[in-house]
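Novice: Coordinates in data.tsv, TSV, C-alpha atoms and all ligand atoms, are listed below.
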```tsv
chain	number	residue	atom	x	y	z
P	1311	MET	CA	-10.13	-12.22	20.57
P	1312	THR	CA	-11.63	-13.73	17.43
P	1313	SER	CA	-11.90	-11.90	14.15
P	1314	PRO	CA	-15.67	-11.07	14.49
P	1315	GLU	CA	-15.10	-9.89	18.07
P	1316	LEU	CA	-12.26	-7.63	17.00
P	1317	LEU	CA	-14.33	-6.30	14.13
P	1318	GLU	CA	-17.24	-5.53	16.45
P	1319	ARG	CA	-14.84	-3.80	18.80
P	1320	ILE	CA	-13.33	-1.51	16.16
P	1321	ARG	CA	-16.80	-0.65	14.88
P	1322	LEU	CA	-17.89	0.42	18.36
P	1323	HIS	CA	-14.58	1.84	19.48
P	1324	GLY	CA	-14.01	4.79	17.20
P	1325	GLN	CA	-13.29	6.07	13.76
P	1326	ILE	CA	-12.26	3.69	11.03
P	1327	PRO	CA	-9.25	5.05	9.13
P	1328	ARG	CA	-10.26	5.98	5.59
P	1329	HIS	CA	-6.90	5.19	4.07
P	1330	VAL	CA	-4.56	2.46	5.33
P	1331	ALA	CA	-1.14	1.85	3.81
P	1332	ILE	CA	1.00	-1.21	4.47
P	1333	ILE	CA	4.72	-1.91	4.08
P	1334	MET	CA	4.61	-5.67	3.65
P	1335	ASP	CA	7.91	-6.82	5.14
P	1336	GLY	CA	9.43	-10.09	6.32
P	1337	ASN	CA	8.77	-12.50	3.45
P	1338	GLY	CA	12.46	-13.43	3.22
P	1339	ARG	CA	12.78	-14.06	6.95
P	1340	TRP	CA	9.59	-16.11	6.98
P	1341	ALA	CA	11.08	-18.34	4.27
P	1342	LYS	CA	14.48	-18.52	5.98
P	1343	GLN	CA	12.91	-19.68	9.24
P	1344	ARG	CA	11.51	-22.62	7.27
P	1345	SER	CA	14.64	-23.25	5.19
P	1346	LEU	CA	12.65	-22.34	2.07
P	1347	PRO	CA	13.71	-20.16	-0.86
P	1348	ARG	CA	12.81	-16.47	-0.50
P	1349	ALA	CA	10.27	-16.83	-3.30
P	1350	ALA	CA	8.25	-19.17	-1.06
P	1351	GLY	CA	7.89	-16.31	1.41
P	1352	HIS	CA	6.65	-13.99	-1.33
P	1353	LYS	CA	4.19	-16.65	-2.49
P	1354	LYS	CA	2.77	-17.05	1.01
P	1355	GLY	CA	2.73	-13.24	1.17
P	1356	MET	CA	0.05	-13.30	-1.48
P	1357	THR	CA	-2.37	-15.01	0.91
P	1358	ALA	CA	-1.68	-12.23	3.39
P	1359	VAL	CA	-2.59	-9.73	0.67
P	1360	ARG	CA	-5.97	-11.49	0.34
P	1361	GLU	CA	-6.39	-11.44	4.14
P	1362	SER	CA	-5.71	-7.73	4.30
P	1363	VAL	CA	-8.13	-6.99	1.44
P	1364	GLU	CA	-10.88	-9.04	3.13
P	1365	GLY	CA	-10.19	-7.38	6.48
P	1366	ALA	CA	-10.16	-3.89	4.98
P	1367	LEU	CA	-13.48	-4.54	3.23
P	1368	ASP	CA	-15.01	-5.90	6.45
P	1369	ALA	CA	-13.81	-2.90	8.41
P	1370	GLY	CA	-15.07	-0.38	5.86
P	1371	ILE	CA	-11.65	1.03	4.98
P	1372	GLU	CA	-12.04	3.09	1.79
P	1373	ILE	CA	-8.50	2.90	0.46
P	1374	LEU	CA	-5.88	0.21	1.01
P	1375	THR	CA	-2.39	0.90	-0.33
P	1376	LEU	CA	0.14	-1.92	-0.44
P	1377	PHE	CA	3.88	-1.51	-1.07
P	1378	ALA	CA	4.46	-4.53	-3.31
P	1379	PHE	CA	7.73	-3.71	-5.09
P	1380	SER	CA	10.09	-0.78	-4.60
P	1381	THR	CA	12.37	0.91	-7.13
P	1382	GLU	CA	15.24	-0.43	-5.00
P	1383	ASN	CA	13.88	-3.99	-5.27
P	1384	TRP	CA	15.10	-4.04	-8.90
P	1385	GLN	CA	18.60	-4.45	-7.39
P	1386	ARG	CA	17.70	-7.85	-5.91
P	1387	PRO	CA	19.04	-11.01	-7.60
P	1388	ARG	CA	17.48	-11.47	-11.02
P	1389	SER	CA	15.90	-14.76	-9.97
P	1390	GLU	CA	14.03	-13.04	-7.12
P	1391	VAL	CA	12.91	-10.16	-9.33
P	1392	LEU	CA	11.60	-12.65	-11.89
P	1393	ALA	CA	9.83	-14.60	-9.15
P	1394	LEU	CA	8.17	-11.42	-7.87
P	1395	MET	CA	7.05	-10.37	-11.38
P	1396	GLY	CA	5.70	-13.89	-11.94
P	1397	LEU	CA	3.79	-13.67	-8.67
P	1398	LEU	CA	2.34	-10.36	-9.71
P	1399	ARG	CA	1.01	-11.87	-12.95
P	1400	ARG	CA	-0.31	-14.78	-10.96
P	1401	TYR	CA	-1.97	-12.42	-8.52
P	1402	VAL	CA	-3.75	-10.73	-11.43
P	1403	ALA	CA	-4.86	-14.08	-12.87
P	1404	LYS	CA	-6.04	-15.36	-9.52
P	1405	GLU	CA	-7.56	-12.28	-7.94
P	1406	THR	CA	-9.00	-10.01	-10.64
P	1407	ARG	CA	-12.37	-11.73	-10.78
P	1408	LYS	CA	-12.70	-11.84	-7.01
P	1409	LEU	CA	-11.72	-8.20	-6.62
P	1410	LYS	CA	-14.25	-7.26	-9.26
P	1411	GLU	CA	-16.97	-9.29	-7.52
P	1412	GLN	CA	-16.08	-7.52	-4.29
P	1413	ASP	CA	-16.44	-4.19	-6.09
P	1414	CYS	CA	-12.81	-3.16	-5.51
P	1415	GLU	CA	-11.13	-0.77	-7.88
P	1416	VAL	CA	-7.45	-1.59	-8.33
P	1417	HIS	CA	-4.81	0.98	-9.26
P	1418	VAL	CA	-1.20	0.10	-9.88
P	1419	LEU	CA	1.06	3.04	-9.08
P	1420	GLY	CA	4.74	3.45	-9.82
P	1421	ASP	CA	7.16	3.47	-12.73
P	1422	LEU	CA	5.28	0.94	-14.83
P	1423	ASP	CA	7.57	1.58	-17.82
P	1424	ALA	CA	10.19	-0.45	-15.95
P	1425	LEU	CA	7.98	-3.57	-16.04
P	1426	ASP	CA	8.35	-6.14	-18.79
P	1427	GLN	CA	5.59	-6.04	-21.36
P	1428	SER	CA	3.61	-9.05	-20.18
P	1429	THR	CA	3.60	-7.91	-16.54
P	1430	ARG	CA	2.60	-4.40	-17.61
P	1431	GLU	CA	-0.23	-5.73	-19.74
P	1432	SER	CA	-1.29	-7.98	-16.92
P	1433	VAL	CA	-1.58	-5.17	-14.37
P	1434	GLU	CA	-3.29	-2.94	-16.94
P	1435	TYR	CA	-5.85	-5.69	-17.44
P	1436	MET	CA	-6.58	-5.79	-13.70
P	1437	THR	CA	-6.88	-2.00	-13.59
P	1438	SER	CA	-9.32	-1.84	-16.48
P	1439	GLU	CA	-11.36	-4.85	-15.33
P	1440	THR	CA	-11.91	-3.39	-11.87
P	1441	ALA	CA	-12.43	0.23	-12.93
P	1442	GLY	CA	-15.46	1.79	-11.28
P	1443	GLY	CA	-15.45	-0.47	-8.20
P	1444	MET	CA	-17.06	1.42	-5.35
P	1445	ALA	CA	-16.51	-0.71	-2.22
P	1446	MET	CA	-12.81	-0.04	-1.85
P	1447	ARG	CA	-9.85	1.28	-3.78
P	1448	LEU	CA	-6.77	-0.94	-3.71
P	1449	ASN	CA	-3.49	0.71	-4.67
P	1450	LEU	CA	-0.64	-1.64	-5.48
P	1451	MET	CA	2.61	0.30	-5.39
P	1452	ILE	CA	4.95	-1.32	-7.85
P	1453	SER	CA	8.35	-0.13	-9.00
P	1454	TYR	CA	7.62	2.72	-6.63
P	1455	SER	CA	9.76	4.95	-4.45
P	1456	GLY	CA	8.72	8.06	-2.55
P	1457	ARG	CA	11.69	10.18	-3.65
P	1458	ALA	CA	11.25	9.24	-7.31
P	1459	GLU	CA	7.56	10.13	-7.04
P	1460	ILE	CA	8.41	13.56	-5.57
P	1461	LEU	CA	10.99	14.24	-8.29
P	1462	ARG	CA	8.56	13.15	-10.99
P	1463	ALA	CA	5.93	15.52	-9.61
P	1464	CYS	CA	8.45	18.40	-9.44
P	1465	ARG	CA	9.50	17.77	-13.01
P	1466	LYS	CA	5.89	17.72	-14.17
P	1467	MET	CA	5.16	21.01	-12.45
P	1468	MET	CA	8.36	22.66	-13.67
P	1469	GLU	CA	7.40	21.73	-17.22
P	1470	GLN	CA	3.98	23.28	-16.68
P	1471	VAL	CA	5.57	26.46	-15.31
P	1472	ALA	CA	8.06	26.57	-18.21
P	1473	SER	CA	5.27	26.21	-20.76
P	1474	GLY	CA	3.20	28.90	-19.07
P	1475	GLU	CA	0.43	26.43	-18.22
P	1476	LEU	CA	1.00	27.07	-14.51
P	1477	ALA	CA	2.07	30.31	-12.81
P	1478	LEU	CA	4.89	29.95	-10.27
P	1479	GLU	CA	2.59	31.35	-7.56
P	1480	GLU	CA	0.22	28.45	-8.20
P	1481	PHE	CA	2.96	25.94	-7.36
P	1482	ASP	CA	1.62	25.06	-3.91
P	1483	GLU	CA	0.83	21.96	-1.82
P	1484	GLU	CA	-2.50	21.40	-3.48
P	1485	THR	CA	-1.25	21.54	-7.06
P	1486	PHE	CA	1.81	19.50	-6.09
P	1487	GLU	CA	-0.39	16.76	-4.63
P	1488	GLY	CA	-2.23	16.69	-7.93
P	1489	ALA	CA	1.03	15.70	-9.63
P	1490	LEU	CA	1.66	12.72	-7.33
P	1491	PHE	CA	0.56	9.16	-8.10
P	1492	THR	CA	-1.96	9.53	-5.28
P	1493	GLU	CA	-3.69	12.48	-6.98
P	1494	GLY	CA	-7.12	13.07	-5.49
P	1495	LEU	CA	-6.67	10.66	-2.57
P	1496	PRO	CA	-6.57	11.57	1.11
P	1497	ASP	CA	-3.23	10.89	2.82
P	1498	PRO	CA	-2.98	7.57	4.67
P	1499	ASP	CA	-4.42	7.82	8.18
P	1500	LEU	CA	-2.57	4.71	9.26
P	1501	LEU	CA	0.65	3.12	8.02
P	1502	ILE	CA	1.34	-0.45	9.09
P	1503	ARG	CA	4.75	-2.06	8.76
P	1504	THR	CA	5.24	-5.70	9.58
P	1505	SER	CA	8.25	-7.67	10.88
P	1506	ASP	CA	9.18	-5.23	13.65
P	1507	GLU	CA	11.15	-2.86	11.42
P	1508	PHE	CA	10.91	0.83	12.27
P	1509	ARG	CA	11.63	2.38	8.88
P	1510	LEU	CA	9.75	4.16	6.09
P	1511	SER	CA	11.97	2.69	3.35
P	1512	ASN	CA	11.24	5.44	0.85
P	1513	PHE	CA	7.48	4.85	0.99
P	1514	MET	CA	4.98	7.68	0.39
P	1515	LEU	CA	7.35	10.23	1.89
P	1516	TRP	CA	5.13	13.19	1.05
P	1517	GLN	CA	1.85	11.56	2.02
P	1518	VAL	CA	2.79	10.19	5.46
P	1519	ALA	CA	3.59	13.59	7.00
P	1520	TYR	CA	0.82	13.16	9.62
P	1521	THR	CA	0.09	9.46	9.30
P	1522	GLU	CA	-0.10	7.31	12.43
P	1523	LEU	CA	2.43	4.48	12.40
P	1524	HIS	CA	1.79	0.95	13.64
P	1525	ILE	CA	4.66	-1.53	13.72
P	1526	ALA	CA	3.53	-5.15	13.92
P	1527	SER	CA	5.92	-7.90	14.91
P	1528	VAL	CA	4.27	-10.51	12.67
P	1529	LEU	CA	6.14	-11.35	9.45
P	1530	TRP	CA	4.10	-10.41	6.38
P	1531	PRO	CA	3.24	-13.98	5.21
P	1532	ASP	CA	1.55	-14.58	8.59
P	1533	PHE	CA	-0.35	-11.28	8.57
P	1534	SER	CA	-4.06	-11.88	9.07
P	1535	ARG	CA	-7.19	-9.78	9.18
P	1536	GLU	CA	-6.96	-9.93	12.99
P	1537	ASP	CA	-3.58	-8.18	12.74
P	1538	LEU	CA	-5.22	-5.51	10.59
P	1539	PHE	CA	-8.03	-5.05	13.12
P	1540	ARG	CA	-5.50	-4.81	15.96
P	1541	ALA	CA	-3.66	-2.09	14.06
P	1542	VAL	CA	-6.96	-0.22	13.63
P	1543	LEU	CA	-7.67	-0.55	17.37
P	1544	ASP	CA	-4.22	0.87	18.10
P	1545	TYR	CA	-4.94	3.73	15.66
P	1546	GLN	CA	-8.22	4.46	17.45
P	1547	GLU	CA	-6.27	5.10	20.66
P	1548	ARG	CA	-4.19	7.84	19.05
P	1549	ASP	CA	-4.74	11.53	19.59
P	1550	ARG	CA	-4.23	13.06	16.14
P	1551	ARG	CA	-3.28	16.71	16.39
P	1552	PHE	CA	-1.76	17.51	12.98
P	1553	GLY	CA	0.69	19.87	14.70
P	1554	ARG	CA	-2.07	21.65	16.60
P	1555	VAL	CA	-3.21	21.23	20.22
P	1556	THR	CA	-6.19	19.17	21.39
P	1557	VAL	CA	-9.14	21.34	22.29
P	1558	GLY	CA	-11.14	20.49	25.43
K	1601	LIG	C1	9.35	-7.58	1.60
K	1601	LIG	O1	9.86	-8.73	2.21
K	1601	LIG	C2	8.39	-7.90	0.55
K	1601	LIG	C3	8.57	-7.69	-0.78
K	1601	LIG	C4	9.78	-7.08	-1.33
K	1601	LIG	C5	7.57	-8.09	-1.79
K	1601	LIG	C6	6.15	-8.03	-1.39
K	1601	LIG	C7	5.39	-9.00	-2.21
K	1601	LIG	C8	4.35	-9.76	-1.79
K	1601	LIG	C9	3.76	-9.60	-0.47
K	1601	LIG	C10	3.76	-10.83	-2.62
K	1601	LIG	C11	3.14	-10.40	-3.86
K	1601	LIG	C12	2.15	-9.34	-3.71
K	1601	LIG	C13	1.34	-8.97	-4.70
K	1601	LIG	C14	0.41	-7.86	-4.54
K	1601	LIG	C15	1.39	-9.68	-5.97
K	1601	LIG	P1	11.42	-8.99	2.16
K	1601	LIG	O2	11.70	-9.85	0.98
K	1601	LIG	O3	12.17	-7.68	2.16
K	1601	LIG	O4	11.63	-9.76	3.50
K	1601	LIG	P2	12.93	-9.76	4.45
K	1601	LIG	O5	13.11	-8.34	4.94
K	1601	LIG	O6	12.55	-10.70	5.54
K	1601	LIG	O7	14.08	-10.25	3.62
```
What would you get if you wrote out this structure as structure tokens?
Ligand code: FPP
Specialist:
Amino acid sequence: MTSPELLERIRLHGQIPRHVAIIMDGNGRWAKQRSLPRAAGHKKGMTAVRESVEGALDAGIEILTLFAFSTENWQRPRSEVLALMGLLRRYVAKETRKLKEQDCEVHVLGDLDALDQSTRESVEYMTSETAGGMAMRLNLMISYSGRAEILRACRKMMEQVASGELALEEFDEETFEGALFTEGLPDPDLLIRTSDEFRLSNFMLWQVAYTELHIASVLWPDFSREDLFRAVLDYQERDRRFGRVTVG
């Protein structure tokens, strides 16, 4: 099925997920299959990021969250980390204008203090340039891990309790969610992971409690908007019960 046909089908078929998150995996394997350095896979992965943004806009997805760099990724060889940071700056230089034109608001979520100054300034530039975009919110998760996010939120709330700003009885799911990077956002409805890996890899551990999972066999650099639409079609077949039973 072609891209417009798939798009038509998901529009007619059912509900479009409001929030889609993606674990972009397989860049290294894509490069290895072609006897290229791993960085070449990451570079090609950037075109797949564009594809997924275009596809998400076409489908009317409100929030797209991409796992671009994990806390654990800092342990990769220095050359690869530098290549990924360079790509991130390049992404900002190449895509900010386009994202702004497309009315996308970009947020970069994670431990940004760990970034070098020029990369941090670069992502801050993209965030401020795109602020107020109404068509879609794009979250780039960088230097991010789910456990670290949960600990950070706990620490924040414990400080508030210690200072008397928050009563212990008010420490509940709602206030806790307000202390996460994803404050104010609905949980992902759909989580896509590419390259046939069935793992969460420390991604949005709190937020994916009731998220539908879609594992795609395509390696991330080859991910296209058609793959996104197929994932949405798969999602539309699911019976979401949130721990309850289906009525009727
Ligand atoms: C996982 O593949 C991917 C990453 C660690 C980085 C993701 C980065 C990009 C898609 C490009 C840049 C994106 C932006 C937004 C600037 P892997 O290296 O773990 O692949 P492997 O499992 O095959 O080794």
Novice: Select, counting all atoms listed in the file, all protein, DNA and RNA residues no farther than 12 Å from (1.0, -9.9, -15.7) in file coordinates, and express the selection as number ranges by chain.
Specialist: P: 1392-1406, 1418, 1422, 1425-1437
Novice: List as a Markdown table every residue of chain P that is in contact with ligand LIG 1601 (chain K), defined as an atom at most 8 Å from one of its atoms (using all atoms listed in the file), together with the nearest atom pair and the distance in Å rounded to one decimal, sorted by chain and then rising number.
Specialist:
```
| residue | atom | partner | partner_atom | distance |
| --- | --- | --- | --- | --- |
| P:Ile1333 | CA | K:LIG1601 | C1 | 7.7 |
| P:Met1334 | CA | K:LIG1601 | C2 | 5.4 |
| P:Asp1335 | CA | K:LIG1601 | C1 | 3.9 |
| P:Gly1336 | CA | K:LIG1601 | O6 | 3.3 |
| P:Asn1337 | CA | K:LIG1601 | O4 | 4.0 |
| P:Gly1338 | CA | K:LIG1601 | O6 | 3.6 |
| P:Arg1339 | CA | K:LIG1601 | O6 | 3.7 |
| P:Trp1340 | CA | K:LIG1601 | O6 | 6.3 |
| P:Ala1341 | CA | K:LIG1601 | O6 | 7.9 |
| P:Arg1348 | CA | K:LIG1601 | O2 | 6.9 |
| P:Gly1351 | CA | K:LIG1601 | O2 | 7.5 |
| P:His1352 | CA | K:LIG1601 | C10 | 4.5 |
| P:Lys1353 | CA | K:LIG1601 | C10 | 5.8 |
| P:Lys1354 | CA | K:LIG1601 | C10 | 7.3 |
| P:Gly1355 | CA | K:LIG1601 | C9 | 4.1 |
| P:Met1356 | CA | K:LIG1601 | C10 | 4.6 |
| P:Ala1358 | CA | K:LIG1601 | C9 | 7.2 |
| P:Val1359 | CA | K:LIG1601 | C14 | 6.3 |
| P:Leu1376 | CA | K:LIG1601 | C14 | 7.2 |
| P:Phe1377 | CA | K:LIG1601 | C6 | 6.9 |
| P:Ala1378 | CA | K:LIG1601 | C6 | 4.3 |
| P:Phe1379 | CA | K:LIG1601 | C4 | 5.4 |
| P:Ser1380 | CA | K:LIG1601 | C4 | 7.1 |
| P:Asn1383 | CA | K:LIG1601 | C4 | 6.5 |
| P:Leu1394 | CA | K:LIG1601 | C11 | 6.5 |
| P:Met1395 | CA | K:LIG1601 | C15 | 7.9 |
| P:Leu1397 | CA | K:LIG1601 | C15 | 5.4 |
| P:Leu1398 | CA | K:LIG1601 | C15 | 3.9 |
| P:Arg1399 | CA | K:LIG1601 | C15 | 7.3 |
| P:Arg1400 | CA | K:LIG1601 | C15 | 7.3 |
| P:Tyr1401 | CA | K:LIG1601 | C15 | 5.0 |
| P:Val1402 | CA | K:LIG1601 | C15 | 7.6 |
| P:Leu1450 | CA | K:LIG1601 | C14 | 6.4 |
| P:Ser1505 | CA | K:LIG1601 | O6 | 7.5 |
| P:Leu1529 | CA | K:LIG1601 | O6 | 7.5 |
| P:Trp1530 | CA | K:LIG1601 | C9 | 6.9 |
| P:Pro1531 | CA | K:LIG1601 | C9 | 7.2 |
```
Novice: I need the residue nearest Gly1443 (chain P) from this list: P:Glu1372, P:Leu1495, P:Leu1490, P:Asp1423. Use all atoms listed in the file for the distance.
Specialist: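 Comparing P:Glu1372, P:Leu1495, P:Leu1490, P:Asp1423 against Gly1443 (chain P), the winner is P:Glu1372.
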Novice: What's the 7 Å shell around Phe1491 (chain P), counting all atoms listed in the file, without same-chain residues fewer than 2 positions away, as a ChimeraX atom specification?
Specialist: /P:1419,1489,1493
Novice: I need the residue nearest Phe1539 (chain P) from this list: P:Glu1318, P:Asp1482, P:Glu1439, P:Asp1421. Use only C-alpha atoms for the distance.
Specialist: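 Among the listed residues, the smallest separation from Phe1539 (chain P) belongs to P:Glu1318.
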Novice: Quote the spacing between CA of Asp1497 (chain P) and CA of Gln1517 (chain P) in Å to one decimal place.
Specialist: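 Between CA of Asp1497 (chain P) and CA of Gln1517 (chain P) the gap is 5.2 Å.
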Novice: Since the input lacks some atoms of region 1378-1402 of chain P, please model N, CA, C and O atoms and print them as a PDB file, in the frame of the given file.
Specialist:
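Result saved to part03.pdb:
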```
ATOM      1  N   ALA P1378       4.193  -3.173  -2.816  1.00  0.00           N
ATOM      2  CA  ALA P1378       4.460  -4.530  -3.310  1.00  0.00           C
ATOM      3  C   ALA P1378       5.853  -4.685  -3.912  1.00  0.00           C
ATOM      4  O   ALA P1378       6.403  -5.795  -3.907  1.00  0.00           O
ATOM      5  N   PHE P1379       6.409  -3.595  -4.443  1.00  0.00           N
ATOM      6  CA  PHE P1379       7.730  -3.710  -5.090  1.00  0.00           C
ATOM      7  C   PHE P1379       8.331  -2.309  -5.192  1.00  0.00           C
ATOM      8  O   PHE P1379       7.735  -1.432  -5.818  1.00  0.00           O
ATOM      9  N   SER P1380       9.500  -2.120  -4.589  1.00  0.00           N
ATOM     10  CA  SER P1380      10.090  -0.780  -4.600  1.00  0.00           C
ATOM     11  C   SER P1380      11.053  -0.618  -5.776  1.00  0.00           C
ATOM     12  O   SER P1380      11.518  -1.610  -6.354  1.00  0.00           O
ATOM     13  N   THR P1381      11.362   0.623  -6.082  1.00  0.00           N
ATOM     14  CA  THR P1381      12.370   0.910  -7.130  1.00  0.00           C
ATOM     15  C   THR P1381      13.674   0.195  -6.761  1.00  0.00           C
ATOM     16  O   THR P1381      14.349  -0.367  -7.626  1.00  0.00           O
ATOM     17  N   GLU P1382      13.998   0.199  -5.455  1.00  0.00           N
ATOM     18  CA  GLU P1382      15.240  -0.430  -5.000  1.00  0.00           C
ATOM     19  C   GLU P1382      15.193  -1.949  -5.148  1.00  0.00           C
ATOM     20  O   GLU P1382      16.234  -2.604  -5.282  1.00  0.00           O
ATOM     21  N   ASN P1383      13.997  -2.522  -5.145  1.00  0.00           N
ATOM     22  CA  ASN P1383      13.880  -3.990  -5.270  1.00  0.00           C
ATOM     23  C   ASN P1383      14.399  -4.504  -6.618  1.00  0.00           C
ATOM     24  O   ASN P1383      14.717  -5.687  -6.746  1.00  0.00           O
ATOM     25  N   TRP P1384      14.526  -3.599  -7.622  1.00  0.00           N
ATOM     26  CA  TRP P1384      15.100  -4.040  -8.900  1.00  0.00           C
ATOM     27  C   TRP P1384      16.539  -4.512  -8.734  1.00  0.00           C
ATOM     28  O   TRP P1384      17.064  -5.239  -9.567  1.00  0.00           O
ATOM     29  N   GLN P1385      17.190  -4.071  -7.630  1.00  0.00           N
ATOM     30  CA  GLN P1385      18.600  -4.450  -7.390  1.00  0.00           C
ATOM     31  C   GLN P1385      18.717  -5.858  -6.783  1.00  0.00           C
ATOM     32  O   GLN P1385      19.817  -6.342  -6.561  1.00  0.00           O
ATOM     33  N   ARG P1386      17.625  -6.489  -6.474  1.00  0.00           N
ATOM     34  CA  ARG P1386      17.700  -7.850  -5.910  1.00  0.00           C
ATOM     35  C   ARG P1386      18.161  -8.829  -6.978  1.00  0.00           C
ATOM     36  O   ARG P1386      18.101  -8.506  -8.177  1.00  0.00           O
ATOM     37  N   PRO P1387      18.609 -10.044  -6.585  1.00  0.00           N
ATOM     38  CA  PRO P1387      19.040 -11.010  -7.600  1.00  0.00           C
ATOM     39  C   PRO P1387      17.945 -11.199  -8.657  1.00  0.00           C
ATOM     40  O   PRO P1387      16.745 -11.178  -8.337  1.00  0.00           O
ATOM     41  N   ARG P1388      18.419 -11.371  -9.895  1.00  0.00           N
ATOM     42  CA  ARG P1388      17.480 -11.470 -11.020  1.00  0.00           C
ATOM     43  C   ARG P1388      16.416 -12.553 -10.797  1.00  0.00           C
ATOM     44  O   ARG P1388      15.254 -12.368 -11.122  1.00  0.00           O
ATOM     45  N   SER P1389      16.845 -13.654 -10.186  1.00  0.00           N
ATOM     46  CA  SER P1389      15.900 -14.760  -9.970  1.00  0.00           C
ATOM     47  C   SER P1389      14.751 -14.310  -9.051  1.00  0.00           C
ATOM     48  O   SER P1389      13.587 -14.674  -9.260  1.00  0.00           O
ATOM     49  N   GLU P1390      15.088 -13.494  -8.046  1.00  0.00           N
ATOM     50  CA  GLU P1390      14.030 -13.040  -7.120  1.00  0.00           C
ATOM     51  C   GLU P1390      13.118 -12.021  -7.802  1.00  0.00           C
ATOM     52  O   GLU P1390      11.893 -12.057  -7.620  1.00  0.00           O
ATOM     53  N   VAL P1391      13.720 -11.149  -8.609  1.00  0.00           N
ATOM     54  CA  VAL P1391      12.910 -10.160  -9.330  1.00  0.00           C
ATOM     55  C   VAL P1391      11.940 -10.888 -10.264  1.00  0.00           C
ATOM     56  O   VAL P1391      10.731 -10.578 -10.310  1.00  0.00           O
ATOM     57  N   LEU P1392      12.470 -11.896 -10.961  1.00  0.00           N
ATOM     58  CA  LEU P1392      11.600 -12.650 -11.890  1.00  0.00           C
ATOM     59  C   LEU P1392      10.491 -13.362 -11.119  1.00  0.00           C
ATOM     60  O   LEU P1392       9.338 -13.400 -11.559  1.00  0.00           O
ATOM     61  N   ALA P1393      10.841 -13.908  -9.962  1.00  0.00           N
ATOM     62  CA  ALA P1393       9.830 -14.600  -9.150  1.00  0.00           C
ATOM     63  C   ALA P1393       8.738 -13.618  -8.715  1.00  0.00           C
ATOM     64  O   ALA P1393       7.534 -13.930  -8.754  1.00  0.00           O
ATOM     65  N   LEU P1394       9.159 -12.408  -8.328  1.00  0.00           N
ATOM     66  CA  LEU P1394       8.170 -11.420  -7.870  1.00  0.00           C
ATOM     67  C   LEU P1394       7.270 -10.954  -9.028  1.00  0.00           C
ATOM     68  O   LEU P1394       6.060 -10.793  -8.855  1.00  0.00           O
ATOM     69  N   MET P1395       7.870 -10.776 -10.213  1.00  0.00           N
ATOM     70  CA  MET P1395       7.050 -10.370 -11.380  1.00  0.00           C
ATOM     71  C   MET P1395       6.075 -11.502 -11.747  1.00  0.00           C
ATOM     72  O   MET P1395       4.925 -11.259 -12.100  1.00  0.00           O
ATOM     73  N   GLY P1396       6.560 -12.736 -11.660  1.00  0.00           N
ATOM     74  CA  GLY P1396       5.700 -13.890 -11.940  1.00  0.00           C
ATOM     75  C   GLY P1396       4.536 -13.946 -10.959  1.00  0.00           C
ATOM     76  O   GLY P1396       3.389 -14.196 -11.342  1.00  0.00           O
ATOM     77  N   LEU P1397       4.851 -13.659  -9.704  1.00  0.00           N
ATOM     78  CA  LEU P1397       3.790 -13.670  -8.670  1.00  0.00           C
ATOM     79  C   LEU P1397       2.749 -12.587  -8.940  1.00  0.00           C
ATOM     80  O   LEU P1397       1.554 -12.796  -8.728  1.00  0.00           O
ATOM     81  N   LEU P1398       3.250 -11.462  -9.413  1.00  0.00           N
ATOM     82  CA  LEU P1398       2.340 -10.360  -9.710  1.00  0.00           C
ATOM     83  C   LEU P1398       1.366 -10.770 -10.818  1.00  0.00           C
ATOM     84  O   LEU P1398       0.147 -10.535 -10.711  1.00  0.00           O
ATOM     85  N   ARG P1399       1.894 -11.416 -11.855  1.00  0.00           N
ATOM     86  CA  ARG P1399       1.010 -11.870 -12.950  1.00  0.00           C
ATOM     87  C   ARG P1399       0.027 -12.919 -12.420  1.00  0.00           C
ATOM     88  O   ARG P1399      -1.145 -12.947 -12.772  1.00  0.00           O
ATOM     89  N   ARG P1400       0.542 -13.754 -11.538  1.00  0.00           N
ATOM     90  CA  ARG P1400      -0.310 -14.780 -10.960  1.00  0.00           C
ATOM     91  C   ARG P1400      -1.406 -14.159 -10.089  1.00  0.00           C
ATOM     92  O   ARG P1400      -2.552 -14.614 -10.077  1.00  0.00           O
ATOM     93  N   TYR P1401      -1.002 -13.136  -9.366  1.00  0.00           N
ATOM     94  CA  TYR P1401      -1.970 -12.420  -8.520  1.00  0.00           C
ATOM     95  C   TYR P1401      -3.112 -11.885  -9.391  1.00  0.00           C
ATOM     96  O   TYR P1401      -4.288 -12.035  -9.063  1.00  0.00           O
ATOM     97  N   VAL P1402      -2.733 -11.291 -10.521  1.00  0.00           N
ATOM     98  CA  VAL P1402      -3.750 -10.730 -11.430  1.00  0.00           C
ATOM     99  C   VAL P1402      -4.673 -11.852 -11.914  1.00  0.00           C
ATOM    100  O   VAL P1402      -5.905 -11.726 -11.877  1.00  0.00           O
TER     101      VAL P1402
END
```
